[in-house]
>>> print(open('coords-v5.tsv').read())   # TSV, C-alpha atoms and all ligand atoms
chain	number	residue	atom	x	y	z
A	28	MET	CA	55.73	-103.29	-108.13
A	29	ASP	CA	55.87	-104.87	-104.68
A	30	ASP	CA	54.70	-108.23	-106.08
A	31	ASP	CA	57.61	-108.43	-108.49
A	32	ARG	CA	60.15	-107.33	-105.88
A	33	LEU	CA	58.93	-110.03	-103.48
A	34	LEU	CA	58.94	-112.78	-106.10
A	35	GLU	CA	62.40	-111.75	-107.30
A	36	ALA	CA	63.75	-111.67	-103.76
A	37	LEU	CA	62.43	-115.21	-103.23
A	38	ASP	CA	63.83	-116.24	-106.62
A	39	LYS	CA	67.36	-115.46	-105.40
A	40	HIS	CA	67.09	-118.45	-103.02
A	41	LEU	CA	66.82	-120.70	-106.09
A	42	LYS	CA	70.17	-119.53	-107.39
A	43	ARG	CA	71.77	-119.25	-103.95
A	44	PRO	CA	70.20	-121.99	-101.80
A	45	GLU	CA	72.65	-121.56	-98.89
A	46	ARG	CA	69.99	-120.22	-96.55
A	47	VAL	CA	67.55	-123.06	-97.28
A	48	VAL	CA	70.34	-125.58	-96.67
A	49	ALA	CA	71.42	-123.87	-93.43
A	50	LEU	CA	67.85	-123.70	-92.06
A	51	GLN	CA	67.18	-127.35	-92.96
A	52	THR	CA	70.48	-128.42	-91.37
A	53	ALA	CA	69.75	-126.66	-88.09
A	54	LEU	CA	66.11	-127.84	-87.90
A	55	THR	CA	66.98	-131.46	-88.70
A	56	ALA	CA	69.66	-131.59	-85.99
A	57	CYS	CA	66.95	-130.87	-83.35
A	58	LYS	CA	65.61	-134.47	-83.57
A	59	ALA	CA	62.19	-133.11	-82.61
A	60	MET	CA	60.39	-136.38	-81.90
A	61	GLY	CA	57.45	-136.52	-79.51
A	62	PRO	CA	57.64	-138.48	-76.23
A	63	GLU	CA	55.58	-141.35	-77.73
A	64	ASN	CA	58.52	-141.85	-80.08
A	65	GLY	CA	61.15	-141.58	-77.34
A	66	GLY	CA	61.92	-137.95	-78.14
A	67	ARG	CA	62.40	-134.72	-76.18
A	68	GLY	CA	59.71	-132.79	-78.01
A	69	GLU	CA	59.83	-129.64	-80.12
A	70	MET	CA	61.05	-126.88	-77.74
A	71	GLU	CA	64.60	-126.59	-79.11
A	72	LYS	CA	63.23	-126.32	-82.64
A	73	ALA	CA	60.62	-123.74	-81.60
A	74	ARG	CA	63.31	-121.57	-79.97
A	75	LEU	CA	65.40	-121.70	-83.15
A	76	ILE	CA	62.42	-120.62	-85.25
A	77	ALA	CA	61.48	-117.83	-82.81
A	78	GLY	CA	65.11	-116.58	-82.89
A	79	TRP	CA	65.12	-116.45	-86.68
A	80	LEU	CA	61.76	-114.66	-86.82
A	81	LYS	CA	63.12	-112.02	-84.42
A	82	ASP	CA	66.25	-111.67	-86.58
A	83	PHE	CA	63.98	-111.06	-89.58
A	84	GLY	CA	62.27	-108.26	-87.62
A	85	LEU	CA	59.08	-110.00	-86.43
A	86	ASP	CA	58.45	-109.12	-82.80
A	87	ASP	CA	54.80	-110.06	-82.59
A	88	LEU	CA	55.26	-113.68	-81.46
A	89	CYS	CA	52.81	-115.53	-79.28
A	90	TRP	CA	53.47	-118.83	-77.49
A	91	GLU	CA	50.62	-121.19	-76.67
A	92	ASN	CA	52.45	-124.03	-74.96
A	93	ALA	CA	50.70	-127.24	-73.92
A	94	PRO	CA	51.89	-128.63	-70.56
A	95	ASP	CA	53.39	-132.12	-70.95
A	96	THR	CA	55.39	-133.69	-68.13
A	97	ARG	CA	56.78	-136.37	-70.44
A	98	VAL	CA	59.29	-133.96	-72.04
A	99	PRO	CA	62.27	-132.25	-70.30
A	100	ASP	CA	60.91	-128.73	-70.91
A	101	GLY	CA	57.54	-129.71	-69.41
A	102	ALA	CA	55.66	-128.23	-72.36
A	103	ARG	CA	55.00	-128.65	-76.06
A	104	PRO	CA	55.40	-125.36	-77.88
A	105	ASN	CA	52.99	-123.78	-80.35
A	106	LEU	CA	54.33	-120.57	-81.81
A	107	VAL	CA	52.22	-118.01	-83.67
A	108	ALA	CA	53.68	-115.08	-85.61
A	109	VAL	CA	51.66	-112.37	-87.32
A	110	LEU	CA	53.00	-110.01	-89.96
A	111	PRO	CA	50.49	-107.24	-90.55
A	112	GLY	CA	49.37	-106.32	-94.03
A	113	ARG	CA	47.05	-103.60	-95.35
A	114	SER	CA	44.01	-105.69	-94.43
A	115	ASP	CA	43.25	-107.45	-91.13
A	116	ARG	CA	42.23	-110.49	-93.08
A	117	LYS	CA	44.95	-113.12	-92.82
A	118	LEU	CA	46.51	-115.85	-94.86
A	119	TRP	CA	47.33	-118.55	-92.29
A	120	LEU	CA	50.06	-121.12	-92.96
A	121	PHE	CA	50.64	-124.09	-90.66
A	122	GLY	CA	53.84	-126.12	-90.22
A	123	HIS	CA	54.39	-128.88	-87.69
A	124	MET	CA	57.71	-129.11	-85.89
A	125	ASP	CA	57.61	-132.73	-84.71
A	126	VAL	CA	59.15	-135.50	-86.82
A	127	VAL	CA	58.84	-139.30	-86.81
A	128	PRO	CA	61.75	-141.60	-85.87
A	129	PRO	CA	64.19	-142.54	-88.65
A	130	GLY	CA	63.33	-146.27	-88.40
A	131	ASP	CA	65.93	-148.77	-89.63
A	132	LEU	CA	69.21	-146.80	-89.79
A	133	ALA	CA	70.70	-149.35	-92.17
A	134	ALA	CA	68.09	-148.30	-94.76
A	135	TRP	CA	69.51	-144.74	-94.78
A	136	THR	CA	72.39	-143.78	-97.07
A	137	SER	CA	73.68	-141.27	-94.50
A	138	ASP	CA	72.97	-139.99	-90.95
A	139	PRO	CA	69.25	-139.01	-90.90
A	140	TRP	CA	69.92	-136.12	-88.50
A	141	GLN	CA	72.68	-134.62	-90.67
A	142	VAL	CA	71.37	-132.96	-93.84
A	143	ARG	CA	73.05	-134.12	-97.04
A	144	GLN	CA	72.71	-132.19	-100.30
A	145	GLU	CA	72.63	-133.72	-103.77
A	146	GLY	CA	71.84	-131.09	-106.38
A	147	ASP	CA	68.30	-129.80	-105.73
A	148	ARG	CA	67.65	-132.46	-103.09
A	149	LEU	CA	68.23	-132.33	-99.35
A	150	TYR	CA	68.13	-135.61	-97.43
A	151	GLY	CA	67.34	-136.03	-93.72
A	152	ARG	CA	64.53	-136.95	-91.30
A	153	GLY	CA	61.92	-134.22	-91.32
A	154	VAL	CA	63.17	-132.25	-94.34
A	155	VAL	CA	59.91	-132.73	-96.22
A	156	ASP	CA	57.60	-133.59	-93.31
A	157	ASN	CA	57.21	-130.80	-92.37
A	158	GLN	CA	60.32	-128.60	-92.54
A	159	GLN	CA	59.83	-127.76	-96.20
A	160	ALA	CA	56.67	-125.90	-95.16
A	161	ILE	CA	58.40	-124.28	-92.18
A	162	ILE	CA	61.16	-122.98	-94.45
A	163	SER	CA	58.76	-121.69	-97.12
A	164	MET	CA	57.01	-119.79	-94.33
A	165	LEU	CA	60.30	-118.42	-92.96
A	166	LEU	CA	61.57	-117.33	-96.40
A	167	LEU	CA	58.31	-115.48	-97.02
A	168	ALA	CA	58.50	-113.67	-93.67
A	169	LYS	CA	62.16	-112.84	-94.16
A	170	GLU	CA	61.76	-111.34	-97.63
A	171	LEU	CA	58.63	-109.38	-96.72
A	172	ARG	CA	60.61	-107.71	-93.94
A	173	ALA	CA	63.87	-107.36	-95.89
A	174	GLN	CA	62.06	-105.71	-98.83
A	175	LYS	CA	59.91	-103.62	-96.42
A	176	ILE	CA	56.74	-104.75	-98.15
A	177	ALA	CA	53.28	-104.43	-96.58
A	178	PRO	CA	51.22	-107.12	-98.34
A	179	SER	CA	47.50	-106.86	-99.11
A	180	LEU	CA	46.62	-109.55	-96.60
A	181	SER	CA	48.19	-110.05	-93.19
A	182	LEU	CA	50.30	-113.18	-92.81
A	183	GLY	CA	49.74	-115.58	-89.92
A	184	LEU	CA	52.33	-118.29	-89.31
A	185	VAL	CA	51.68	-121.22	-86.98
A	186	PHE	CA	54.50	-123.53	-85.92
A	187	MET	CA	52.89	-126.39	-84.03
A	188	SER	CA	53.73	-129.53	-82.06
A	189	ASP	CA	52.41	-133.09	-81.92
A	190	GLU	CA	51.02	-133.48	-85.45
A	191	GLU	CA	52.38	-137.01	-85.80
A	192	CYS	CA	50.71	-138.29	-82.61
A	193	GLY	CA	47.27	-136.71	-82.72
A	194	SER	CA	47.71	-132.91	-82.30
A	195	ASP	CA	46.28	-132.81	-78.74
A	196	TYR	CA	49.37	-130.81	-77.69
A	197	GLY	CA	49.53	-129.02	-81.03
A	198	LEU	CA	46.78	-127.51	-83.15
A	199	GLY	CA	44.11	-129.09	-80.92
A	200	HIS	CA	45.53	-127.22	-77.92
A	201	LEU	CA	45.91	-123.98	-79.88
A	202	LEU	CA	42.30	-124.08	-81.10
A	203	ALA	CA	41.06	-124.84	-77.58
A	204	HIS	CA	42.97	-121.91	-76.02
A	205	SER	CA	43.40	-119.30	-78.76
A	206	ARG	CA	40.38	-119.85	-80.99
A	207	GLU	CA	39.91	-116.06	-81.26
A	208	LEU	CA	43.04	-115.77	-83.41
A	209	PHE	CA	41.23	-117.44	-86.28
A	210	ARG	CA	38.43	-115.70	-88.17
A	211	ALA	CA	35.91	-117.21	-90.55
A	212	ASP	CA	36.94	-115.00	-93.50
A	213	ASP	CA	40.69	-115.72	-93.11
A	214	LEU	CA	42.42	-118.09	-95.54
A	215	TYR	CA	43.85	-121.40	-94.27
A	216	ILE	CA	46.52	-123.48	-95.98
A	217	VAL	CA	48.21	-126.53	-94.43
A	218	PRO	CA	51.27	-127.36	-96.58
A	219	ASP	CA	51.70	-130.91	-95.25
A	220	SER	CA	50.75	-133.04	-98.22
A	221	GLY	CA	50.61	-132.63	-101.97
A	222	SER	CA	52.06	-133.84	-105.22
A	223	PRO	CA	55.44	-133.38	-106.97
A	224	ARG	CA	53.88	-130.99	-109.51
A	225	GLY	CA	51.74	-129.11	-107.01
A	226	ASP	CA	48.63	-130.00	-109.01
A	227	ILE	CA	46.45	-131.33	-106.19
A	228	ILE	CA	44.53	-129.33	-103.58
A	229	GLU	CA	43.05	-131.42	-100.79
A	230	VAL	CA	39.70	-129.94	-99.81
A	231	ALA	CA	37.91	-132.79	-98.02
A	232	GLU	CA	38.47	-135.85	-95.89
A	233	LYS	CA	36.34	-138.90	-95.33
A	234	GLY	CA	35.18	-139.60	-91.80
A	235	GLN	CA	37.00	-142.30	-89.85
A	236	LEU	CA	35.26	-145.00	-87.88
A	237	TRP	CA	37.36	-147.73	-86.28
A	238	LEU	CA	35.39	-150.67	-84.88
A	239	GLN	CA	36.30	-153.54	-82.61
A	240	VAL	CA	34.30	-156.72	-83.21
A	241	ARG	CA	34.39	-159.24	-80.34
A	242	VAL	CA	32.89	-162.69	-80.89
A	243	THR	CA	32.28	-164.93	-77.88
A	244	GLY	CA	31.49	-168.62	-78.43
A	245	LYS	CA	32.46	-171.74	-76.52
A	246	GLN	CA	35.92	-173.30	-76.47
A	247	CYS	CA	36.27	-177.07	-76.98
A	248	HIS	CA	38.52	-179.82	-78.38
A	249	ALA	CA	38.82	-179.57	-82.18
A	250	ALA	CA	38.13	-183.31	-82.58
A	251	TRP	CA	34.57	-182.75	-81.21
A	252	PRO	CA	33.73	-179.32	-82.67
A	253	HIS	CA	29.98	-179.85	-82.15
A	254	GLU	CA	30.56	-179.54	-78.39
A	255	GLY	CA	31.68	-175.90	-78.72
A	256	ARG	CA	30.82	-172.80	-80.72
A	257	ASN	CA	33.68	-171.68	-82.95
A	258	ALA	CA	34.23	-167.96	-82.40
A	259	PHE	CA	36.81	-167.76	-85.19
A	260	LEU	CA	34.43	-169.23	-87.76
A	261	ALA	CA	31.62	-166.89	-86.67
A	262	GLY	CA	34.11	-163.98	-86.72
A	263	ALA	CA	35.22	-164.87	-90.26
A	264	ASP	CA	31.57	-164.88	-91.36
A	265	MET	CA	31.09	-161.54	-89.62
A	266	ALA	CA	34.13	-160.04	-91.40
A	267	LEU	CA	32.91	-161.20	-94.82
A	268	SER	CA	29.32	-160.09	-94.12
A	269	CYS	CA	30.47	-156.63	-92.98
A	270	HIS	CA	32.68	-156.23	-96.02
A	271	LYS	CA	29.82	-157.11	-98.36
A	272	ARG	CA	26.78	-155.67	-96.62
A	273	LEU	CA	28.25	-152.37	-95.42
A	274	HIS	CA	29.33	-151.54	-98.98
A	275	ALA	CA	25.81	-152.47	-100.15
A	276	ALA	CA	24.18	-150.35	-97.43
A	277	PHE	CA	26.29	-147.27	-98.26
A	278	PRO	CA	26.82	-147.35	-102.03
A	279	GLU	CA	27.11	-143.56	-102.53
A	280	GLU	CA	30.04	-142.29	-104.62
A	281	ASP	CA	31.69	-138.89	-104.90
A	282	PRO	CA	34.19	-138.45	-107.77
A	283	LEU	CA	36.15	-135.91	-105.67
A	284	PHE	CA	37.53	-138.88	-103.71
A	285	ASP	CA	39.84	-141.73	-104.66
A	286	PRO	CA	38.41	-144.32	-104.17
A	287	PRO	CA	35.07	-142.57	-104.78
A	288	GLY	CA	33.04	-144.60	-102.26
A	289	SER	CA	33.10	-145.25	-98.53
A	290	THR	CA	35.39	-148.13	-97.56
A	291	PHE	CA	34.84	-150.87	-94.94
A	292	VAL	CA	37.96	-152.89	-94.34
A	293	PRO	CA	38.52	-155.73	-91.84
A	294	SER	CA	42.11	-155.07	-90.79
A	295	LYS	CA	43.70	-156.11	-87.50
A	296	HIS	CA	43.01	-159.57	-86.04
A	297	GLU	CA	44.01	-160.58	-82.52
A	298	ALA	CA	45.68	-163.91	-81.81
A	299	ASN	CA	43.31	-166.56	-80.43
A	300	VAL	CA	44.36	-170.02	-79.22
A	301	PRO	CA	48.06	-170.98	-79.41
A	302	ASN	CA	47.44	-174.61	-80.43
A	303	ILE	CA	45.84	-176.12	-83.51
A	304	ASN	CA	43.62	-178.70	-81.79
A	305	THR	CA	41.44	-176.27	-79.82
A	306	VAL	CA	38.29	-174.58	-81.14
A	307	PRO	CA	38.61	-170.92	-80.07
A	308	GLY	CA	35.90	-169.55	-77.82
A	309	SER	CA	36.85	-165.94	-78.42
A	310	ASP	CA	37.77	-163.97	-81.53
A	311	VAL	CA	38.51	-160.27	-81.90
A	312	PHE	CA	39.05	-158.32	-85.11
A	313	TYR	CA	38.89	-154.67	-86.17
A	314	MET	CA	37.37	-152.72	-89.05
A	315	ASP	CA	38.72	-149.51	-90.57
A	316	CYS	CA	35.78	-147.62	-92.11
A	317	ARG	CA	36.19	-144.38	-94.13
A	318	LEU	CA	32.88	-142.63	-94.65
A	319	LEU	CA	32.04	-140.09	-97.33
A	320	PRO	CA	30.74	-136.73	-96.08
A	321	GLY	CA	26.99	-137.12	-95.54
A	322	ILE	CA	27.21	-140.66	-94.17
A	323	SER	CA	26.96	-140.68	-90.40
A	324	ALA	CA	29.13	-142.86	-88.21
A	325	GLY	CA	25.99	-143.65	-86.19
A	326	ALA	CA	24.25	-145.11	-89.24
A	327	ALA	CA	27.29	-147.24	-90.15
A	328	LEU	CA	27.59	-148.47	-86.56
A	329	GLU	CA	23.91	-149.39	-86.45
A	330	GLU	CA	24.20	-151.35	-89.69
A	331	ALA	CA	27.31	-153.19	-88.38
A	332	ARG	CA	25.36	-154.11	-85.21
A	333	ASN	CA	22.43	-155.40	-87.31
A	334	ILE	CA	24.84	-157.60	-89.25
A	335	ALA	CA	26.34	-158.75	-85.92
A	336	ALA	CA	22.91	-159.74	-84.56
A	337	ARG	CA	22.10	-161.84	-87.65
A	338	THR	CA	25.55	-163.49	-87.69
A	339	ALA	CA	25.38	-164.20	-83.96
A	340	ARG	CA	22.03	-166.01	-84.40
A	341	ARG	CA	23.41	-168.06	-87.29
A	342	TRP	CA	26.34	-169.39	-85.23
A	343	GLY	CA	24.92	-169.38	-81.72
A	344	VAL	CA	27.54	-166.90	-80.44
A	345	ALA	CA	27.53	-163.37	-79.02
A	346	ILE	CA	28.99	-160.54	-81.14
A	347	ASP	CA	29.75	-157.18	-79.65
A	348	VAL	CA	30.64	-154.20	-81.88
A	349	ARG	CA	32.17	-151.13	-80.26
A	350	VAL	CA	33.79	-147.91	-81.46
A	351	GLU	CA	37.56	-147.66	-81.05
A	352	ARG	CA	37.89	-144.24	-82.66
A	353	GLU	CA	35.70	-141.83	-84.54
A	354	GLN	CA	36.41	-138.65	-86.47
A	355	ALA	CA	33.78	-136.87	-88.52
A	356	SER	CA	34.35	-136.13	-92.19
A	357	SER	CA	35.20	-132.57	-93.17
A	358	ALA	CA	35.03	-130.59	-96.37
A	359	SER	CA	35.72	-127.04	-97.50
A	360	PRO	CA	33.40	-125.79	-100.25
A	361	LEU	CA	34.95	-125.93	-103.72
A	362	SER	CA	33.87	-122.34	-104.25
A	363	CYS	CA	35.52	-120.92	-101.11
A	364	PRO	CA	38.08	-118.10	-101.59
A	365	VAL	CA	41.15	-120.07	-100.52
A	366	VAL	CA	40.50	-122.70	-103.22
A	367	THR	CA	40.05	-120.07	-105.93
A	368	LEU	CA	43.05	-117.95	-104.89
A	369	LEU	CA	45.36	-120.92	-104.41
A	370	THR	CA	44.32	-122.40	-107.76
A	371	ASP	CA	45.20	-119.14	-109.54
A	372	ALA	CA	48.48	-118.70	-107.65
A	373	VAL	CA	49.61	-122.27	-108.41
A	374	GLU	CA	48.74	-121.82	-112.08
A	375	ARG	CA	50.84	-118.64	-112.28
A	376	VAL	CA	53.89	-120.09	-110.50
A	377	HIS	CA	53.80	-123.72	-111.70
A	378	ASN	CA	51.96	-123.44	-115.01
A	379	VAL	CA	49.55	-126.22	-114.04
A	380	ARG	CA	45.94	-125.86	-113.00
A	381	PRO	CA	45.55	-127.86	-109.78
A	382	LYS	CA	42.45	-129.92	-109.17
A	383	PRO	CA	40.60	-130.30	-105.89
A	384	VAL	CA	40.52	-133.78	-104.34
A	385	GLY	CA	39.20	-135.55	-101.27
A	386	ILE	CA	41.25	-138.10	-99.34
A	387	GLY	CA	40.61	-141.01	-96.99
A	388	GLY	CA	43.32	-140.04	-94.52
A	389	ALA	CA	43.21	-137.55	-91.69
A	390	THR	CA	45.16	-134.27	-91.50
A	391	VAL	CA	45.10	-131.32	-89.11
A	392	ALA	CA	43.01	-129.44	-91.70
A	393	ALA	CA	40.05	-131.45	-90.35
A	394	LEU	CA	40.51	-129.76	-86.95
A	395	LEU	CA	40.19	-126.35	-88.61
A	396	ARG	CA	37.22	-127.42	-90.75
A	397	HIS	CA	35.44	-128.78	-87.68
A	398	LYS	CA	35.66	-125.23	-86.28
A	399	GLY	CA	34.00	-123.87	-89.42
A	400	LEU	CA	37.27	-122.62	-90.96
A	401	HIS	CA	37.69	-123.46	-94.65
A	402	ALA	CA	41.11	-125.09	-94.76
A	403	VAL	CA	42.91	-126.79	-97.64
A	404	VAL	CA	46.03	-128.94	-97.74
A	405	TRP	CA	48.49	-128.15	-100.49
A	406	SER	CA	52.20	-128.15	-101.25
A	407	THR	CA	54.61	-129.21	-103.95
A	408	LEU	CA	56.27	-132.26	-102.57
A	409	GLU	CA	57.79	-135.63	-103.17
A	410	SER	CA	56.02	-138.39	-101.26
A	411	THR	CA	59.00	-139.37	-99.13
A	412	CYS	CA	57.36	-138.67	-95.75
A	413	HIS	CA	58.27	-141.18	-93.00
A	414	GLN	CA	60.57	-143.09	-95.39
A	415	PRO	CA	64.30	-143.79	-95.11
A	416	ASP	CA	66.28	-141.30	-97.22
A	417	GLU	CA	63.45	-138.76	-96.88
A	418	TYR	CA	64.25	-135.84	-99.16
A	419	CYS	CA	62.83	-132.48	-100.17
A	420	SER	CA	63.38	-130.26	-103.18
A	421	ILE	CA	64.99	-126.86	-102.64
A	422	SER	CA	63.24	-125.39	-105.68
A	423	ALA	CA	59.84	-126.69	-104.50
A	424	THR	CA	60.47	-125.02	-101.11
A	425	VAL	CA	61.12	-121.67	-102.79
A	426	LYS	CA	58.27	-121.99	-105.29
A	427	ASP	CA	55.79	-122.83	-102.53
A	428	ALA	CA	56.85	-119.58	-100.85
A	429	GLN	CA	56.19	-117.79	-104.16
A	430	VAL	CA	52.70	-119.32	-104.39
A	431	PHE	CA	51.92	-118.08	-100.87
A	432	ALA	CA	53.42	-114.69	-101.79
A	433	ARG	CA	51.05	-114.37	-104.76
A	434	ILE	CA	48.01	-115.00	-102.58
A	435	LEU	CA	49.29	-112.57	-99.97
A	436	MET	CA	49.90	-109.79	-102.50
A	437	CYS	CA	46.70	-110.30	-104.48
A	438	ASP	CA	44.38	-107.27	-104.21
A	439	HIS	CA	41.10	-108.97	-103.49
A	440	ALA	CA	40.48	-108.26	-99.84
A	501	ZN	ZN	53.40	-133.96	-91.73
>>> encode(input="coords-v5.tsv", output="structure tokens", more="lines below")
Ligand SMILES: [Zn+2]
Amino acid sequence: MDDDRLLEALDKHLKRPERVVALQTALTACKAMGPENGGRGEMEKARLIAGWLKDFGLDDLCWENAPDTRVPDGARPNLVAVLPGRSDRKLWLFGHMDVVPPGDLAAWTSDPWQVRQEGDRLYGRGVVDNQQAIISMLLLAKELRAQKIAPSLSLGLVFMSDEECGSDYGLGHLLAHSRELFRADDLYIVPDSGSPRGDIIEVAEKGQLWLQVRVTGKQCHAAWPHEGRNAFLAGADMALSCHKRLHAAFPEEDPLFDPPGSTFVPSKHEANVPNINTVPGSDVFYMDCRLLPGISAGAALEEARNIAARTARRWGVAIDVRVEREQASSASPLSCPVVTLLTDAVERVHNVRPKPVGIGGATVAALLRHKGLHAVVWSTLESTCHQPDEYCSISATVKDAQVFARILMCDHA
């Protein structure tokens, strides 16, 4: 059986992890940070990956590079490889090539750009975020070719840039320029988040609404506060009122999410006056709101402005609320094929039945969902992303490849 041959071929990488270690070592040494983080971008890493894919026998590679004058190569690479199966329908896997800076070097046990192995663990910047996915994808492509197997589904691999800084030069660019690659009945998995046991499938994300709240009063000497209008005091009232009244206005809960409700959090606060004996005439703070699917950003904004109008009257100040950033919520249906197939594949490989969840954060899966493509986020990983001593598990890398293999080989199309 082709299925068994493929799974056994992948299994050999558990006993002989040399290839996983070699791939991780080469990818980590690229230091593929974006220009916002003082890096040279992802081109060197993309060329390495393209070279390996060609060595494995994949010639059908397509580059969709985003021009970017901030990096030496003048472009941010997005590489797409397709390995045909018996059906045109594809399983798409997405890995991002960019990594975040190592941060405080003193917090690392060893050089973050030099992979260190300790048993099943590999340490280095980027090994888990997102090279584990990249290597699972590469192992799968390699063994399909080496074993000369034509899977049931076609396999689509996307190696993208700029995930850590917004995806404008990454998946955003690819979807804007090569949307026709992606079909509604294809399957979409983004292996960029998960749990150590692989028992969580992320199917939905809350919407994000970031607000700036600017309070304008009248500055005066703090010994005669009645001569001014204290913007800080009015701002504090506004923060408390928003926290209380926005939750009351949008009390809906969805048990798919943790926490189950929308959240409205006063977060950043700008400095006002430098001295203690002045009543501030201006006060600026920010709110991070995460909205359940079904709650519109427009409705939340309107409610915040109503609260602002009432608070402004109470204190005799002006309060202006404006949107800093907005991203709509996104959800894939629980009954869609990728959820069902992935659930079964995980159960067979890991012996756990994963459960679907919604999150408050934002991933590139939202970009796919906003195009009507039912994407999920799943992988088996330790939550060491962005931390010092980031590490990945070699066995999780191989087993993720086996989960993808099961979906690919499954005769359902
Ligand atoms: Zn990531």
>>> closest_residue(input="coords-v5.tsv", among="A:Arg32, A:Lys81, A:Lys233, A:His413", to="ligand ZN 501 (chain A)", atoms="all atoms listed in the file")
A:His413
>>> closest_residue(input="coords-v5.tsv", among="A:Gln235, A:Ser406, A:Ser356, A:Ser420", to="ligand ZN 501 (chain A)", atoms="all atoms listed in the file")
A:Ser406
>>> residues_near_ligand(input="coords-v5.tsv", ligand="ligand ZN 501 (chain A)", cutoff="9 Å", atoms="only C-alpha atoms and all ligand atoms", output="PyMOL selection string")
chain A and resi 122-126+153+155-158+190-191+218-220+390+412-413
>>> closest_residue(input="coords-v5.tsv", among="A:Asn64, A:Asn333, A:Asn378, A:Thr411", to="Cys192 in chain A", atoms="all atoms listed in the file")
A:Asn64
>>> closest_residue(input="coords-v5.tsv", among="A:Val306, A:Ala108, A:Ala73, A:Val230", to="Ala168 in chain A", atoms="all atoms listed in the file")
A:Ala108
>>> closest_residue(input="coords-v5.tsv", among="A:Glu280, A:Asp347, A:Glu145, A:Glu353", to="Asp310 in chain A", atoms="all atoms listed in the file")
A:Asp347
>>> closest_residue(input="coords-v5.tsv", among="A:Ile334, A:Ile322, A:Val300, A:Val311", to="Ala249 in chain A", atoms="all atoms listed in the file")
A:Val300
>>> residues_around(input="coords-v5.tsv", residues="Gly343 in chain A", least_positions_apart="5", cutoff="9 Å", atoms="only C-alpha atoms", output="list of chain:residue names")
A:Gly244, A:Arg256, A:Ala261, A:Thr338
>>> residues_around(input="coords-v5.tsv", residues="Asp189 in chain A", least_positions_apart="3", cutoff="10 Å", atoms="all atoms listed in the file", output="MDAnalysis selection string")
chainID A and resid 59:63 68:69 103:105 123:126 192:200
>>> residues_around(input="coords-v5.tsv", residues="Val403 in chain A", least_positions_apart="5", cutoff="7 Å", atoms="only C-alpha atoms", output="PyMOL selection string")
chain A and resi 215-217+228-230+392
>>> atom_distance(input="coords-v5.tsv", atom1="CA of Val366 in chain A", atom2="CA of Ala36 in chain A")
25.7 Å
>>> build_atoms(input="coords-v5.tsv", residues="range 405-417 of chain A", atoms="N, CA and C atoms", output="PDB file, keeping the file's coordinate frame")
ATOM      1  N   TRP A 405      47.810-128.241 -99.187  1.00  0.00           N
ATOM      2  CA  TRP A 405      48.490-128.150-100.490  1.00  0.00           C
ATOM      3  C   TRP A 405      49.984-127.912-100.276  1.00  0.00           C
ATOM      4  N   SER A 406      50.800-128.545-101.081  1.00  0.00           N
ATOM      5  CA  SER A 406      52.200-128.150-101.250  1.00  0.00           C
ATOM      6  C   SER A 406      52.739-128.916-102.453  1.00  0.00           C
ATOM      7  N   THR A 407      53.959-128.522-102.857  1.00  0.00           N
ATOM      8  CA  THR A 407      54.610-129.210-103.950  1.00  0.00           C
ATOM      9  C   THR A 407      55.604-130.142-103.323  1.00  0.00           C
ATOM     10  N   LEU A 408      55.283-131.418-103.239  1.00  0.00           N
ATOM     11  CA  LEU A 408      56.270-132.260-102.570  1.00  0.00           C
ATOM     12  C   LEU A 408      56.331-133.685-103.075  1.00  0.00           C
ATOM     13  N   GLU A 409      57.524-134.237-102.851  1.00  0.00           N
ATOM     14  CA  GLU A 409      57.790-135.630-103.170  1.00  0.00           C
ATOM     15  C   GLU A 409      57.204-136.450-102.018  1.00  0.00           C
ATOM     16  N   SER A 410      56.622-137.617-102.347  1.00  0.00           N
ATOM     17  CA  SER A 410      56.020-138.390-101.260  1.00  0.00           C
ATOM     18  C   SER A 410      57.072-139.279-100.593  1.00  0.00           C
ATOM     19  N   THR A 411      57.955-138.627 -99.837  1.00  0.00           N
ATOM     20  CA  THR A 411      59.000-139.370 -99.130  1.00  0.00           C
ATOM     21  C   THR A 411      58.813-139.298 -97.622  1.00  0.00           C
ATOM     22  N   CYS A 412      57.643-138.792 -97.180  1.00  0.00           N
ATOM     23  CA  CYS A 412      57.360-138.670 -95.750  1.00  0.00           C
ATOM     24  C   CYS A 412      57.517-140.017 -95.044  1.00  0.00           C
ATOM     25  N   HIS A 413      58.139-140.009 -93.890  1.00  0.00           N
ATOM     26  CA  HIS A 413      58.270-141.180 -93.000  1.00  0.00           C
ATOM     27  C   HIS A 413      59.173-142.271 -93.592  1.00  0.00           C
ATOM     28  N   GLN A 414      59.749-142.050 -94.773  1.00  0.00           N
ATOM     29  CA  GLN A 414      60.570-143.090 -95.390  1.00  0.00           C
ATOM     30  C   GLN A 414      62.035-142.904 -95.039  1.00  0.00           C
ATOM     31  N   PRO A 415      62.848-144.000 -95.192  1.00  0.00           N
ATOM     32  CA  PRO A 415      64.300-143.790 -95.110  1.00  0.00           C
ATOM     33  C   PRO A 415      64.725-142.944 -96.310  1.00  0.00           C
ATOM     34  N   ASP A 416      65.825-142.216 -96.163  1.00  0.00           N
ATOM     35  CA  ASP A 416      66.280-141.300 -97.220  1.00  0.00           C
ATOM     36  C   ASP A 416      65.182-140.305 -97.631  1.00  0.00           C
ATOM     37  N   GLU A 417      64.419-139.843 -96.640  1.00  0.00           N
ATOM     38  CA  GLU A 417      63.450-138.760 -96.880  1.00  0.00           C
ATOM     39  C   GLU A 417      64.190-137.582 -97.515  1.00  0.00           C
TER      40      GLU A 417
END
